[in-house]
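> The structure file run19.txt (compact mmCIF, C-alpha atoms) is provided below.
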```txt
# COMPACT_ATOMS: atom_id res chain seq x y z
CA MET A 98 -14.87 27.49 -4.72
CA LEU A 99 -17.29 25.43 -6.81
CA LYS A 100 -16.13 22.23 -5.10
CA ILE A 101 -16.60 23.73 -1.65
CA LEU A 102 -20.10 24.90 -2.67
CA ALA A 103 -20.86 21.38 -3.90
CA LEU A 104 -19.97 19.97 -0.47
CA ILE A 105 -22.27 22.49 1.21
CA LEU A 106 -25.11 21.62 -1.16
CA LEU A 107 -24.67 17.94 -0.39
CA CYS A 108 -25.20 18.69 3.29
CA PHE A 109 -28.25 20.85 2.69
CA ALA A 110 -29.70 18.03 0.62
CA LYS A 111 -29.27 15.80 3.71
CA ILE A 112 -27.18 13.25 1.88
CA CYS A 113 -23.98 13.85 3.87
CA PHE A 114 -22.35 10.73 5.19
CA ALA A 115 -23.35 10.60 8.86
CA GLY A 116 -21.69 7.40 10.03
CA LYS A 117 -18.12 6.70 11.12
CA LEU A 118 -15.82 5.69 8.31
CA MET A 119 -13.59 2.67 8.91
CA VAL A 120 -10.07 3.42 7.66
CA VAL A 121 -7.60 0.55 7.49
CA THR A 122 -3.92 0.42 6.69
CA GLU A 123 -0.79 -1.64 7.35
CA ASN A 124 2.72 -1.16 8.66
CA PHE A 125 4.35 0.12 5.45
CA PRO A 126 6.86 2.84 6.32
CA PRO A 127 7.46 5.56 5.35
CA PHE A 128 3.91 5.73 3.96
CA ASN A 129 2.07 4.43 7.03
CA TYR A 130 3.21 3.07 10.37
CA GLN A 131 2.46 3.20 14.08
CA ASP A 132 4.74 5.29 16.29
CA GLU A 133 5.76 4.52 19.87
CA GLN A 134 2.72 6.35 21.19
CA GLY A 135 0.39 4.19 19.10
CA SER A 136 -0.51 6.94 16.62
CA ILE A 137 -0.72 6.18 12.90
CA GLN A 138 1.92 8.27 11.10
CA GLY A 139 3.62 8.42 7.70
CA THR A 140 3.62 10.47 4.51
CA ALA A 141 0.47 8.83 3.14
CA SER A 142 -1.25 8.88 6.54
CA LYS A 143 -0.75 12.64 6.76
CA ASN A 144 -2.31 13.16 3.34
CA VAL A 145 -5.23 10.83 3.97
CA LYS A 146 -6.02 12.67 7.21
CA GLU A 147 -5.97 15.97 5.33
CA VAL A 148 -8.44 14.66 2.75
CA LEU A 149 -10.76 13.28 5.41
CA ALA A 150 -10.67 16.60 7.28
CA LEU A 151 -11.79 18.35 4.10
CA ALA A 152 -14.52 15.76 3.64
CA GLY A 153 -15.75 16.38 7.17
CA VAL A 154 -16.35 12.72 7.93
CA ASP A 155 -15.86 11.02 11.28
CA TYR A 156 -13.41 8.12 11.09
CA ASP A 157 -11.14 5.73 12.95
CA ILE A 158 -7.84 4.45 11.52
CA SER A 159 -6.75 0.92 12.38
CA LEU A 160 -3.46 -0.72 11.46
CA TYR A 161 -3.68 -4.44 10.64
CA PRO A 162 -1.68 -7.00 8.68
CA TRP A 163 -2.24 -6.22 5.00
CA ALA A 164 -4.32 -9.34 4.31
CA ARG A 165 -6.85 -8.35 6.98
CA SER A 166 -7.07 -4.73 5.82
CA TYR A 167 -7.56 -5.85 2.23
CA HIS A 168 -10.22 -8.38 3.24
CA LEU A 169 -12.18 -5.75 5.18
CA ALA A 170 -12.03 -3.31 2.28
CA THR A 171 -13.21 -5.86 -0.27
CA GLN A 172 -15.91 -7.49 1.86
CA GLN A 173 -17.51 -4.59 3.72
CA GLU A 174 -19.06 -1.33 2.61
CA GLU A 175 -17.70 2.11 3.53
CA VAL A 176 -14.17 1.01 4.35
CA LEU A 177 -11.26 3.15 3.18
CA ILE A 178 -7.89 1.45 2.64
CA TYR A 179 -4.43 2.91 2.04
CA THR A 180 -1.58 2.74 0.97
CA ILE A 181 -2.71 0.61 -1.96
CA PHE A 182 -1.33 0.30 -5.49
CA ARG A 183 -3.81 0.51 -8.34
CA SER A 184 -3.69 -2.39 -10.80
CA ALA A 185 -5.89 -3.95 -13.48
CA TYR A 186 -6.56 -6.86 -11.11
CA ARG A 187 -7.88 -4.51 -8.41
CA GLU A 188 -9.48 -1.85 -10.61
CA GLN A 189 -13.11 -2.97 -10.26
CA LYS A 190 -12.88 -3.72 -6.54
CA PHE A 191 -12.67 -0.12 -5.32
CA HIS A 192 -13.38 3.55 -5.87
CA TRP A 193 -9.91 5.03 -6.36
CA PHE A 194 -8.27 8.26 -5.18
CA CYS A 195 -4.76 8.67 -6.58
CA PRO A 196 -2.11 9.66 -5.78
CA ILE A 197 -1.69 10.16 -2.05
CA ALA A 198 2.11 9.92 -2.15
CA LYS A 199 4.97 9.77 -4.62
CA PRO A 200 5.33 6.67 -6.84
CA THR A 201 7.72 3.98 -5.67
CA LYS A 202 9.30 1.11 -7.56
CA VAL A 203 9.33 -2.43 -6.16
CA PHE A 204 12.33 -4.74 -6.57
CA LEU A 205 13.45 -8.17 -5.48
CA TYR A 206 16.26 -7.52 -3.02
CA LYS A 207 18.94 -9.95 -1.85
CA LEU A 208 21.86 -9.91 0.55
CA ARG A 209 24.78 -8.54 -1.45
CA LYS A 210 26.95 -11.45 -0.33
CA ASN A 211 24.43 -13.85 -1.86
CA PRO A 212 25.99 -15.02 -5.17
CA LEU A 213 22.63 -15.70 -6.84
CA SER A 214 22.00 -13.69 -9.98
CA ILE A 215 18.64 -13.28 -11.73
CA THR A 216 17.59 -11.17 -14.69
CA SER A 217 14.02 -12.40 -15.25
CA LEU A 218 10.92 -13.65 -13.45
CA GLU A 219 11.43 -17.11 -14.97
CA GLN A 220 14.83 -17.36 -13.30
CA ALA A 221 13.33 -16.12 -10.02
CA LYS A 222 10.96 -19.11 -9.99
CA ASN A 223 13.93 -21.30 -9.06
CA TYR A 224 14.40 -19.53 -5.72
CA ARG A 225 12.56 -18.60 -2.54
CA ILE A 226 10.96 -15.15 -2.49
CA GLY A 227 9.54 -13.56 0.62
CA VAL A 228 6.24 -11.76 0.05
CA MET A 229 3.52 -10.33 2.24
CA ARG A 230 0.17 -12.08 2.06
CA ASN A 231 -2.22 -10.60 -0.52
CA ASP A 232 -0.19 -7.48 -1.19
CA ASN A 233 0.32 -6.24 -4.75
CA SER A 234 3.60 -8.11 -5.28
CA HIS A 235 2.15 -11.36 -3.94
CA GLN A 236 -0.88 -11.13 -6.22
CA TYR A 237 1.32 -10.18 -9.17
CA LEU A 238 3.69 -13.12 -8.72
CA LEU A 239 0.80 -15.56 -8.36
CA ARG A 240 -0.57 -14.32 -11.68
CA LYS A 241 2.87 -14.85 -13.20
CA GLY A 242 2.91 -18.54 -12.27
CA PHE A 243 4.62 -18.53 -8.87
CA THR A 244 3.29 -20.87 -6.17
CA ASN A 245 2.79 -20.39 -2.44
CA GLY A 246 5.01 -22.75 -0.46
CA ILE A 247 7.26 -23.53 -3.43
CA ASN A 248 8.89 -20.34 -4.69
CA LEU A 249 6.81 -17.94 -2.59
CA ASP A 250 7.33 -17.74 1.16
CA VAL A 251 4.26 -15.89 2.43
CA ALA A 252 4.32 -13.87 5.67
CA SER A 253 1.76 -11.65 7.36
CA ASN A 254 4.23 -8.78 7.83
CA GLU A 255 7.46 -7.47 6.33
CA ALA A 256 9.49 -7.83 9.52
CA THR A 257 9.09 -11.61 9.31
CA ASN A 258 10.32 -11.58 5.71
CA TRP A 259 13.39 -9.51 6.58
CA ASN A 260 14.31 -11.82 9.47
CA LYS A 261 14.07 -14.80 7.10
CA LEU A 262 16.31 -13.03 4.60
CA PHE A 263 18.91 -12.26 7.28
CA ALA A 264 18.83 -15.91 8.39
CA GLY A 265 19.21 -17.24 4.83
CA ARG A 266 15.81 -18.95 4.87
CA ILE A 267 14.72 -17.06 1.73
CA ASP A 268 16.78 -15.81 -1.21
CA PHE A 269 14.97 -12.60 -2.15
CA ILE A 270 12.43 -10.23 -0.69
CA ALA A 271 9.88 -8.06 -2.53
CA GLN A 272 10.29 -4.51 -1.26
CA SER A 273 9.48 -0.92 -2.19
CA GLU A 274 12.61 1.17 -2.73
CA HIS A 275 11.14 3.96 -0.58
CA SER A 276 10.64 1.54 2.30
CA LEU A 277 14.08 -0.05 2.11
CA ALA A 278 16.10 2.51 4.07
CA PHE A 279 13.39 2.81 6.75
CA ARG A 280 13.20 -0.96 7.20
CA LEU A 281 16.96 -1.40 7.38
CA ALA A 282 17.26 1.39 9.94
CA GLN A 283 14.76 -0.47 12.11
CA PHE A 284 16.99 -3.53 12.01
CA GLY A 285 20.26 -1.61 12.35
CA LYS A 286 21.44 -2.80 8.92
CA ARG A 287 23.39 -0.78 6.34
CA PRO A 288 21.82 -0.35 2.86
CA GLU A 289 25.09 -1.29 1.13
CA LEU A 290 24.70 -4.85 2.46
CA PHE A 291 21.76 -5.35 0.09
CA ALA A 292 21.35 -5.34 -3.68
CA ALA A 293 18.33 -4.77 -5.92
CA THR A 294 17.77 -7.28 -8.72
CA ILE A 295 14.75 -7.27 -11.04
CA GLU A 296 11.90 -4.77 -10.81
CA LEU A 297 8.47 -6.22 -10.11
CA HIS A 298 5.33 -5.23 -12.05
CA PRO A 299 7.07 -2.43 -14.00
CA GLU A 300 4.14 -2.37 -16.40
CA GLU A 301 1.73 -1.46 -13.60
CA ASN A 302 1.10 1.88 -11.92
CA ASN A 303 3.08 1.90 -8.68
CA THR A 304 1.42 5.06 -7.43
CA PRO A 305 0.28 4.95 -3.80
CA CYS A 306 -3.48 5.48 -3.53
CA MET A 307 -6.35 5.35 -1.11
CA ALA A 308 -9.39 3.35 -2.13
CA LEU A 309 -12.96 3.03 -0.91
CA SER A 310 -14.81 -0.29 -0.86
CA LYS A 311 -16.94 -0.78 -3.95
CA ALA A 312 -20.25 -1.23 -2.11
CA SER A 313 -19.99 2.15 -0.40
CA SER A 314 -22.79 4.69 -0.74
CA SER A 315 -22.69 7.12 -3.63
CA GLU A 316 -23.00 9.93 -1.08
CA LEU A 317 -19.73 8.94 0.56
CA VAL A 318 -17.99 8.35 -2.77
CA ASN A 319 -18.97 11.82 -3.98
CA ARG A 320 -17.99 13.46 -0.72
CA LEU A 321 -14.55 11.89 -0.73
CA GLN A 322 -14.04 12.68 -4.41
CA LEU A 323 -14.83 16.34 -3.89
CA ALA A 324 -12.52 16.52 -0.87
CA PHE A 325 -9.74 14.66 -2.68
CA ASP A 326 -9.99 16.96 -5.69
CA GLN A 327 -9.84 19.99 -3.41
CA TRP A 328 -6.83 18.59 -1.54
CA GLN A 329 -5.02 17.65 -4.76
CA ALA A 330 -5.52 21.11 -6.22
CA SER A 331 -3.86 22.61 -3.13
CA GLN A 332 -0.69 20.52 -3.42
CA PRO A 333 2.59 21.85 -4.89
CA SER A 334 3.01 20.83 -8.52
CA SER A 335 6.27 19.02 -7.61
CA ARG A 336 4.44 16.49 -5.43
```
Please re-express this file's structure in structure tokens.

Amino acid sequence: MLKILALILLCFAKICFAGKLMVVTENFPPFNYQDEQGSIQGTASKNVKEVLALAGVDYDISLYPWARSYHLATQQEEVLIYTIFRSAYREQKFHWFCPIAKPTKVFLYKLRKNPLSITSLEQAKNYRIGVMRNDNSHQYLLRKGFTNGINLDVASNEATNWNKLFAGRIDFIAQSEHSLAFRLAQFGKRPELFAATIELHPEENNTPCMALSKASSSELVNRLQLAFDQWQASQPSSR
């Protein structure tokens, strides 16, 4: 009740956000994806929409390659991005709202018939890894000494990486375990044909979040925080 009252007081004080919020995301099923009708769906999308409804802000959601969404959210004010993992590298770039979905681990996957075996990042540097430009795994591997064009094969979308893996053009692919089954179903592939190897960034928080660009107005930040807190309090404890 106090949080709802706080939202009302914000409006009476005439500091409610009056513009249209730009919301950006990527094709990252099952968290966010575009259906056949062109609507943005997914477990995280549903939750983000619920938060924004509570906040009472007008918005448009656009689905772009991750690198473009990330660029917009870091270079412009009042841009909301999801699904994004919170890390020390990104901490100061955004106002964070976590979680908006269940945590998911990220592994390097290979074709099970591929005889290559790795147990460490150092060993992985000897092979070709498919990553998506500027996503959390790409940034993490760069910080760990990997190099674009040498042991990192950078694509603008995950479908390109999967096609390269099927064709044997890369050895491993960085992939969320929650996305694996969805991706393979899209390609008509059976999960047992693939094997997980090492986990990426296990020391980081792999909790899906939404994040607001750092230069956004304090009015919008406060409004979203109040709405997020209200939404979070309404969720089952098992979420």
> Can you tell me which residues surround Phe269 (chain A) at a distance of at most 9 Å, considering only C-alpha atoms, apart from same-chain residues fewer than 3 positions away, and format the answer as number ranges by chain?
A: 205-208, 221, 224-227, 262, 294
> Take the residues that were just selected and, keeping C-alpha atoms, output them as a PDB file, in the coordinates of the input.

```pdb
ATOM      1  CA  LEU A 205      13.450  -8.170  -5.480  1.00  0.00           C
ATOM      2  CA  TYR A 206      16.260  -7.520  -3.020  1.00  0.00           C
ATOM      3  CA  LYS A 207      18.940  -9.950  -1.850  1.00  0.00           C
ATOM      4  CA  LEU A 208      21.860  -9.910   0.550  1.00  0.00           C
ATOM      5  CA  ALA A 221      13.330 -16.120 -10.020  1.00  0.00           C
ATOM      6  CA  TYR A 224      14.400 -19.530  -5.720  1.00  0.00           C
ATOM      7  CA  ARG A 225      12.560 -18.600  -2.540  1.00  0.00           C
ATOM      8  CA  ILE A 226      10.960 -15.150  -2.490  1.00  0.00           C
ATOM      9  CA  GLY A 227       9.540 -13.560   0.620  1.00  0.00           C
ATOM     10  CA  LEU A 262      16.310 -13.030   4.600  1.00  0.00           C
ATOM     11  CA  THR A 294      17.770  -7.280  -8.720  1.00  0.00           C
TER      12      THR A 294
END
```
> Out of A:Ala252, A:Leu118, A:Leu239, A:Ala292, which residue has the shortest atom-to-atom distance to Asp155 (chain A) when counting all atoms listed in the file?
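Counting all atoms listed in the file, the residue closest to Asp155 (chain A) is A:Leu118.
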> Hey, can you check how far CA of Gly116 (chain A) sits from CA of Gln332 (chain A)?
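That distance, rounded to one decimal, is 28.2 Å.
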> With only C-alpha atoms as the counted atoms, please give the residues lying no more than 9 Å from His298 (chain A), apart from itself and same-chain residues fewer than 3 positions off, as a list in words.
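Result of the neighbour search: Lys202, Val203, Phe204, Asn233, Ser234, Tyr237, Leu238, Glu301, Asn302 and Asn303 of chain A.
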> Let me see the file: selected residues, C-alpha atoms, as a JSON list (two decimals), in the frame of the given file.

```json
[["chain", "number", "residue", "atom", "x", "y", "z"],
["A", 202, "LYS", "CA", 9.30, 1.11, -7.56],
["A", 203, "VAL", "CA", 9.33, -2.43, -6.16],
["A", 204, "PHE", "CA", 12.33, -4.74, -6.57],
["A", 233, "ASN", "CA", 0.32, -6.24, -4.75],
["A", 234, "SER", "CA", 3.60, -8.11, -5.28],
["A", 237, "TYR", "CA", 1.32, -10.18, -9.17],
["A", 238, "LEU", "CA", 3.69, -13.12, -8.72],
["A", 301, "GLU", "CA", 1.73, -1.46, -13.60],
["A", 302, "ASN", "CA", 1.10, 1.88, -11.92],
["A", 303, "ASN", "CA", 3.08, 1.90, -8.68]]
```
> For Tyr156 (chain A), please output as a ChimeraX atom specification all residues within 9 Å (counting all atoms listed in the file; exclusion window: fewer than 2 positions along the same chain).
/A:116-120,149,154,158
> Taking (-2.7, 8.6, -3.7) as a centre in this file's frame and 9 Å as the limit, can you find every polymer residue with an atom that close, using all atoms listed in the file, and give them as a PDB file with C-alpha atoms, in the frame of the given file?

```pdb
ATOM      1  CA  ALA A 141       0.470   8.830   3.140  1.00  0.00           C
ATOM      2  CA  ASN A 144      -2.310  13.160   3.340  1.00  0.00           C
ATOM      3  CA  VAL A 145      -5.230  10.830   3.970  1.00  0.00           C
ATOM      4  CA  TYR A 179      -4.430   2.910   2.040  1.00  0.00           C
ATOM      5  CA  THR A 180      -1.580   2.740   0.970  1.00  0.00           C
ATOM      6  CA  ILE A 181      -2.710   0.610  -1.960  1.00  0.00           C
ATOM      7  CA  PHE A 182      -1.330   0.300  -5.490  1.00  0.00           C
ATOM      8  CA  TRP A 193      -9.910   5.030  -6.360  1.00  0.00           C
ATOM      9  CA  PHE A 194      -8.270   8.260  -5.180  1.00  0.00           C
ATOM     10  CA  CYS A 195      -4.760   8.670  -6.580  1.00  0.00           C
ATOM     11  CA  PRO A 196      -2.110   9.660  -5.780  1.00  0.00           C
ATOM     12  CA  ILE A 197      -1.690  10.160  -2.050  1.00  0.00           C
ATOM     13  CA  ALA A 198       2.110   9.920  -2.150  1.00  0.00           C
ATOM     14  CA  LYS A 199       4.970   9.770  -4.620  1.00  0.00           C
ATOM     15  CA  PRO A 200       5.330   6.670  -6.840  1.00  0.00           C
ATOM     16  CA  THR A 304       1.420   5.060  -7.430  1.00  0.00           C
ATOM     17  CA  PRO A 305       0.280   4.950  -3.800  1.00  0.00           C
ATOM     18  CA  CYS A 306      -3.480   5.480  -3.530  1.00  0.00           C
ATOM     19  CA  MET A 307      -6.350   5.350  -1.110  1.00  0.00           C
ATOM     20  CA  ALA A 308      -9.390   3.350  -2.130  1.00  0.00           C
TER      21      ALA A 308
END
```
> How many Å lie between CA of Pro333 (chain A) and CA of Gly139 (chain A), rounded to one decimal?
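Straight-line distance from CA of Pro333 (chain A) to CA of Gly139 (chain A) works out to 18.4 Å.
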> For a quick check of understanding, using all atoms listed in the file, which of A:Glu274, A:Leu290, A:Phe279, A:Lys311 has the smallest distance to Glu174 (chain A)?
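Between A:Glu274, A:Leu290, A:Phe279, A:Lys311, the residue approaching Glu174 (chain A) most closely is A:Lys311.
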> Which distance in Å separates CA of Glu133 (chain A) and CA of Asp157 (chain A), to one decimal?
18.3 Å
> Measuring atom to atom with all atoms listed in the file, identify which of A:Asn254, A:Ser331, A:Gln322, A:Asn245 is nearest to Asn124 (chain A).
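Using all atoms listed in the file, the shortest distance to Asn124 (chain A) belongs to A:Asn254.
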> For a cutoff of 8 Å around the file-coordinate point (9.6, -13.7, -0.5), which residues qualify once you count only C-alpha atoms? I'd like the result as a PyMOL selection string.
chain A and resi 225-229+248-251+258+267-271
> Just C-alpha atoms for this one: save the residues we selected as a compact mmCIF listing (two decimals), keeping the file's coordinate frame.

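Okay, result06.txt is ready:
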```txt
# COMPACT_ATOMS: atom_id res chain seq x y z
CA ARG A 225 12.56 -18.60 -2.54
CA ILE A 226 10.96 -15.15 -2.49
CA GLY A 227 9.54 -13.56 0.62
CA VAL A 228 6.24 -11.76 0.05
CA MET A 229 3.52 -10.33 2.24
CA ASN A 248 8.89 -20.34 -4.69
CA LEU A 249 6.81 -17.94 -2.59
CA ASP A 250 7.33 -17.74 1.16
CA VAL A 251 4.26 -15.89 2.43
CA ASN A 258 10.32 -11.58 5.71
CA ILE A 267 14.72 -17.06 1.73
CA ASP A 268 16.78 -15.81 -1.21
CA PHE A 269 14.97 -12.60 -2.15
CA ILE A 270 12.43 -10.23 -0.69
CA ALA A 271 9.88 -8.06 -2.53
```
> List the spatial neighbours of Phe291 (chain A) as a PyMOL selection string - criterion: any atom at most 10 Å away, only C-alpha atoms, same-chain residues fewer than 4 positions off excluded.
chain A and resi 206-211+277+281+286-287
